[in-house]
Amino acid sequence: MKAIVQDRYGTVDALELREIDRPQVGDDEVLVRVHAAGVDPGVWHLMTGLPYLIRIAGYGFRAPKSPVRGNDVAGRVEAVGKGVNQFQAGDEVFGTADGTFAEYVSAKATNVAPKPANLSFEQAAAVPTSALTALQGLRDHGEAKPGQRVLIIGASGGIGTFAVQLAKAFGTEATGVCSTSKVDMVRSLGADHVIDYLRDDFTTTARRYDLILDMAGNRSLSTLRRALTHSGTLVIIGGEEGGRWLGGTDRQVRALLLSPFVRQRLRTFVAKESAEDLAVLKELIESGKVTPVVDKTYPLGEAAEAIRDLDEGRARGKLVLSVRPD
């Protein structure tokens, strides 16, 4: 089968479209014929091996432990392991797996769910990692409640576009922060207010928020806390400003250390792969409350270009690889 493979950490030049063996399906896995694969920042981090912290975390110290990139998938079940009874060959599914930039991937049955009926495979592949992160950030860690004021920093990105829609689905007053060229798009997602950070600084106004989701990672804790109510919640999702060793995780650690000593709740987390939460998202999508924003699709062989576009901030919403069967 064809796959996007890398044998060393590096830039997009380290990626190669190559013929490799089809993966074997384990007892608790399903073999998925990939129709589309989502592109998210985690792909860039595993491609470059940055920050170095991820190498120490077990992804491979000198070279990637798993050579095939990609984490989000949508496709059809080709085969099931002997311990799997909730899926059968031919089922359309979406979810997460290791190595989705390929024609086939083995996924844990607990990490995939039936694909939303009203989505194409390309749209469905845009959902898992970003939407799971937005859902768990708002619901579990932000504890969003109807009527609250929610500020979403990075509202035009992959996670942000889902966060705006989910915040509205939870009954909150949602404010998105983005650049000038993306204001209209964020407003079209249902945001009650949109702040163009190139023109306005939300931290200098009198308006305070009950919950802030920060995906941008370029503002200090003290700056973000000024925009919170006295008992508000800050949820930090990722961060790209911390250098080659920590990559922004130092700010997250400082938030967790400070939180017990202030009234405001300062939180961070890593999203969990969950078939149950994928089912929640499926219901919201099929009801029309959430729709993935797919900016552009690329053929599998142009994975490097997709990752480059993502890294350079060109995406509005999600970028997706189309891996159509022959």
# chains A, B, ... in the order shown; residues from 1 in each chain; ligands from 1
call {"tool": "residues_around", "arguments": {"residues": "range 112-120 of chain A", "least_positions_apart": "6", "cutoff": "7 Å", "atoms": "only C-alpha atoms", "output": "PyMOL selection string"}}
result
chain A and resi 92-96+275+278-279+282+285-286
call {"tool": "residues_around", "arguments": {"residues": "range 258-272 of chain A", "least_positions_apart": "2", "cutoff": "8 Å", "atoms": "only C-alpha atoms", "output": "VMD selection string"}}
result
chain A and resid 129 132 to 133 136 to 137 141 225 228 to 237 252 254 to 256 274
call {"tool": "residues_around", "arguments": {"residues": "range 305-312 of chain A", "least_positions_apart": "5", "cutoff": "9 Å", "atoms": "only C-alpha atoms", "output": "VMD selection string"}}
result
chain A and resid 11 to 12 39 to 41 43 to 44 296 to 298 318 to 321
call {"tool": "write_last_selection", "arguments": {"atoms": "C-alpha atoms", "output": "PDB file, in the first residue's frame"}}
result
ATOM      1  CA  THR A  11      11.131  19.221   7.843  1.00  0.00           C
ATOM      2  CA  VAL A  12       8.631  18.166   5.191  1.00  0.00           C
ATOM      3  CA  VAL A  39      -3.990  17.153   9.191  1.00  0.00           C
ATOM      4  CA  ASP A  40      -3.435  18.613  12.665  1.00  0.00           C
ATOM      5  CA  PRO A  41      -0.514  20.294  14.493  1.00  0.00           C
ATOM      6  CA  VAL A  43       1.532  15.753  12.730  1.00  0.00           C
ATOM      7  CA  TRP A  44       4.022  18.621  12.482  1.00  0.00           C
ATOM      8  CA  LYS A 296      -8.685  22.563   1.497  1.00  0.00           C
ATOM      9  CA  THR A 297      -8.117  18.943   0.537  1.00  0.00           C
ATOM     10  CA  TYR A 298      -4.923  17.482  -0.923  1.00  0.00           C
ATOM     11  CA  LYS A 318      -9.045  22.100   8.783  1.00  0.00           C
ATOM     12  CA  LEU A 319      -6.834  20.682   6.043  1.00  0.00           C
ATOM     13  CA  VAL A 320      -7.493  17.126   4.862  1.00  0.00           C
ATOM     14  CA  LEU A 321      -5.773  14.503   2.717  1.00  0.00           C
TER      15      LEU A 321
END
call {"tool": "closest_residue", "arguments": {"among": "A:Ser106, A:Ser181, A:Gln6, A:Thr172", "to": "Gln24 in chain A", "atoms": "only C-alpha atoms"}}
result
A:Ser106
call {"tool": "residues_around", "arguments": {"residues": "Thr205 in chain A", "least_positions_apart": "4", "cutoff": "12 Å", "atoms": "only C-alpha atoms", "output": "PyMOL selection string"}}
result
chain A and resi 195+200-201+209+223+226-228
call {"tool": "write_last_selection", "arguments": {"atoms": "N, CA and C atoms", "output": "compact mmCIF listing (two decimals), in the first residue's frame"}}
result
# COMPACT_ATOMS: atom_id res chain seq x y z
N ILE A 195 -13.45 39.28 17.74
CA ILE A 195 -12.42 40.29 18.00
C ILE A 195 -11.27 40.06 17.03
N ASP A 200 -7.77 45.12 17.80
CA ASP A 200 -8.25 45.32 19.17
C ASP A 200 -7.55 44.35 20.11
N ASP A 201 -7.33 44.79 21.33
CA ASP A 201 -6.72 43.97 22.37
C ASP A 201 -7.77 43.69 23.44
N TYR A 209 -14.47 37.48 31.10
CA TYR A 209 -15.04 36.22 30.61
C TYR A 209 -15.02 35.16 31.70
N THR A 223 -1.57 38.08 31.52
CA THR A 223 -2.41 38.77 30.55
C THR A 223 -3.77 38.09 30.42
N ARG A 226 -6.12 38.60 33.43
CA ARG A 226 -6.77 39.92 33.49
C ARG A 226 -8.10 39.93 32.75
N ALA A 227 -8.24 39.05 31.77
CA ALA A 227 -9.48 39.00 31.00
C ALA A 227 -10.52 38.07 31.60
N LEU A 228 -10.17 37.36 32.68
CA LEU A 228 -11.08 36.45 33.36
C LEU A 228 -11.85 37.16 34.46
call {"tool": "residues_around", "arguments": {"residues": "Ala109 in chain A", "least_positions_apart": "3", "cutoff": "9 Å", "atoms": "only C-alpha atoms", "output": "list of chain:residue names"}}
result
A:Asp28, A:Glu29, A:Val30, A:Val80, A:Gly81, A:Val84, A:Gln86, A:Phe87, A:Val112, A:Ala113, A:Ala275
call {"tool": "closest_residue", "arguments": {"among": "A:Ser322, A:Ala14, A:Ala3, A:Val164", "to": "Pro299 in chain A", "atoms": "only C-alpha atoms"}}
result
A:Ser322
call {"tool": "residues_around", "arguments": {"residues": "Arg149 in chain A", "least_positions_apart": "2", "cutoff": "7 Å", "atoms": "only C-alpha atoms", "output": "PyMOL selection string"}}
result
chain A and resi 147+151+172-174+209-211
call {"tool": "closest_residue", "arguments": {"among": "A:Thr48, A:Thr100, A:Thr180, A:Ser66", "to": "Arg33 in chain A", "atoms": "only C-alpha atoms"}}
result
A:Thr100
call {"tool": "select_by_dssp", "arguments": {"residues": "range 100-246 of chain A", "states": "strand (DSSP E or B)", "output": "number ranges by chain"}}
result
A: 102, 104-108, 112-114, 149-153, 173-178, 193-196, 209-214, 228-236
call {"tool": "write_last_selection", "arguments": {"atoms": "C-alpha atoms", "output": "PDB file, in the first residue's frame"}}
result
ATOM      1  CA  ALA A 102      -1.816   5.646   4.173  1.00  0.00           C
ATOM      2  CA  TYR A 104      -4.937   1.292   5.164  1.00  0.00           C
ATOM      3  CA  VAL A 105      -4.601   1.698   8.919  1.00  0.00           C
ATOM      4  CA  SER A 106      -5.289  -0.496  11.947  1.00  0.00           C
ATOM      5  CA  ALA A 107      -7.278   1.328  14.626  1.00  0.00           C
ATOM      6  CA  LYS A 108      -8.387   0.312  18.086  1.00  0.00           C
ATOM      7  CA  VAL A 112     -13.492   4.862  16.156  1.00  0.00           C
ATOM      8  CA  ALA A 113     -17.240   5.342  15.768  1.00  0.00           C
ATOM      9  CA  PRO A 114     -19.839   5.249  12.988  1.00  0.00           C
ATOM     10  CA  ARG A 149     -19.260  34.374  28.544  1.00  0.00           C
ATOM     11  CA  VAL A 150     -16.707  32.250  26.699  1.00  0.00           C
ATOM     12  CA  LEU A 151     -13.642  33.626  24.891  1.00  0.00           C
ATOM     13  CA  ILE A 152     -12.019  31.413  22.255  1.00  0.00           C
ATOM     14  CA  ILE A 153      -8.512  32.509  21.273  1.00  0.00           C
ATOM     15  CA  GLU A 173     -22.207  33.622  24.742  1.00  0.00           C
ATOM     16  CA  ALA A 174     -19.232  32.919  22.488  1.00  0.00           C
ATOM     17  CA  THR A 175     -16.568  35.439  21.483  1.00  0.00           C
ATOM     18  CA  GLY A 176     -13.936  34.416  18.948  1.00  0.00           C
ATOM     19  CA  VAL A 177     -10.481  35.941  18.520  1.00  0.00           C
ATOM     20  CA  CYS A 178      -8.851  35.765  15.082  1.00  0.00           C
ATOM     21  CA  HIS A 193     -18.828  38.559  18.980  1.00  0.00           C
ATOM     22  CA  VAL A 194     -15.583  38.431  16.995  1.00  0.00           C
ATOM     23  CA  ILE A 195     -12.416  40.285  17.996  1.00  0.00           C
ATOM     24  CA  ASP A 196      -9.799  41.061  15.363  1.00  0.00           C
ATOM     25  CA  TYR A 209     -15.036  36.223  30.611  1.00  0.00           C
ATOM     26  CA  ASP A 210     -16.181  33.235  32.658  1.00  0.00           C
ATOM     27  CA  LEU A 211     -14.173  30.834  30.517  1.00  0.00           C
ATOM     28  CA  ILE A 212     -11.229  31.329  28.170  1.00  0.00           C
ATOM     29  CA  LEU A 213      -9.946  28.653  25.802  1.00  0.00           C
ATOM     30  CA  ASP A 214      -6.478  29.568  24.540  1.00  0.00           C
ATOM     31  CA  LEU A 228     -11.085  36.448  33.361  1.00  0.00           C
ATOM     32  CA  THR A 229     -13.717  37.080  35.981  1.00  0.00           C
ATOM     33  CA  HIS A 230     -12.529  36.672  39.581  1.00  0.00           C
ATOM     34  CA  SER A 231     -13.646  33.042  39.633  1.00  0.00           C
ATOM     35  CA  GLY A 232     -13.301  32.328  35.920  1.00  0.00           C
ATOM     36  CA  THR A 233     -11.592  29.370  34.252  1.00  0.00           C
ATOM     37  CA  LEU A 234      -8.654  29.410  31.829  1.00  0.00           C
ATOM     38  CA  VAL A 235      -8.052  26.282  29.738  1.00  0.00           C
ATOM     39  CA  ILE A 236      -4.738  26.247  27.884  1.00  0.00           C
TER      40      ILE A 236
END
call {"tool": "atom_distance", "arguments": {"atom1": "CA of Arg324 in chain A", "atom2": "CA of Ala36 in chain A"}}
result
7.1 Å
call {"tool": "closest_residue", "arguments": {"among": "A:Ala303, A:Leu166, A:Ala315, A:Leu138", "to": "Glu16 in chain A", "atoms": "only C-alpha atoms"}}
result
A:Ala303
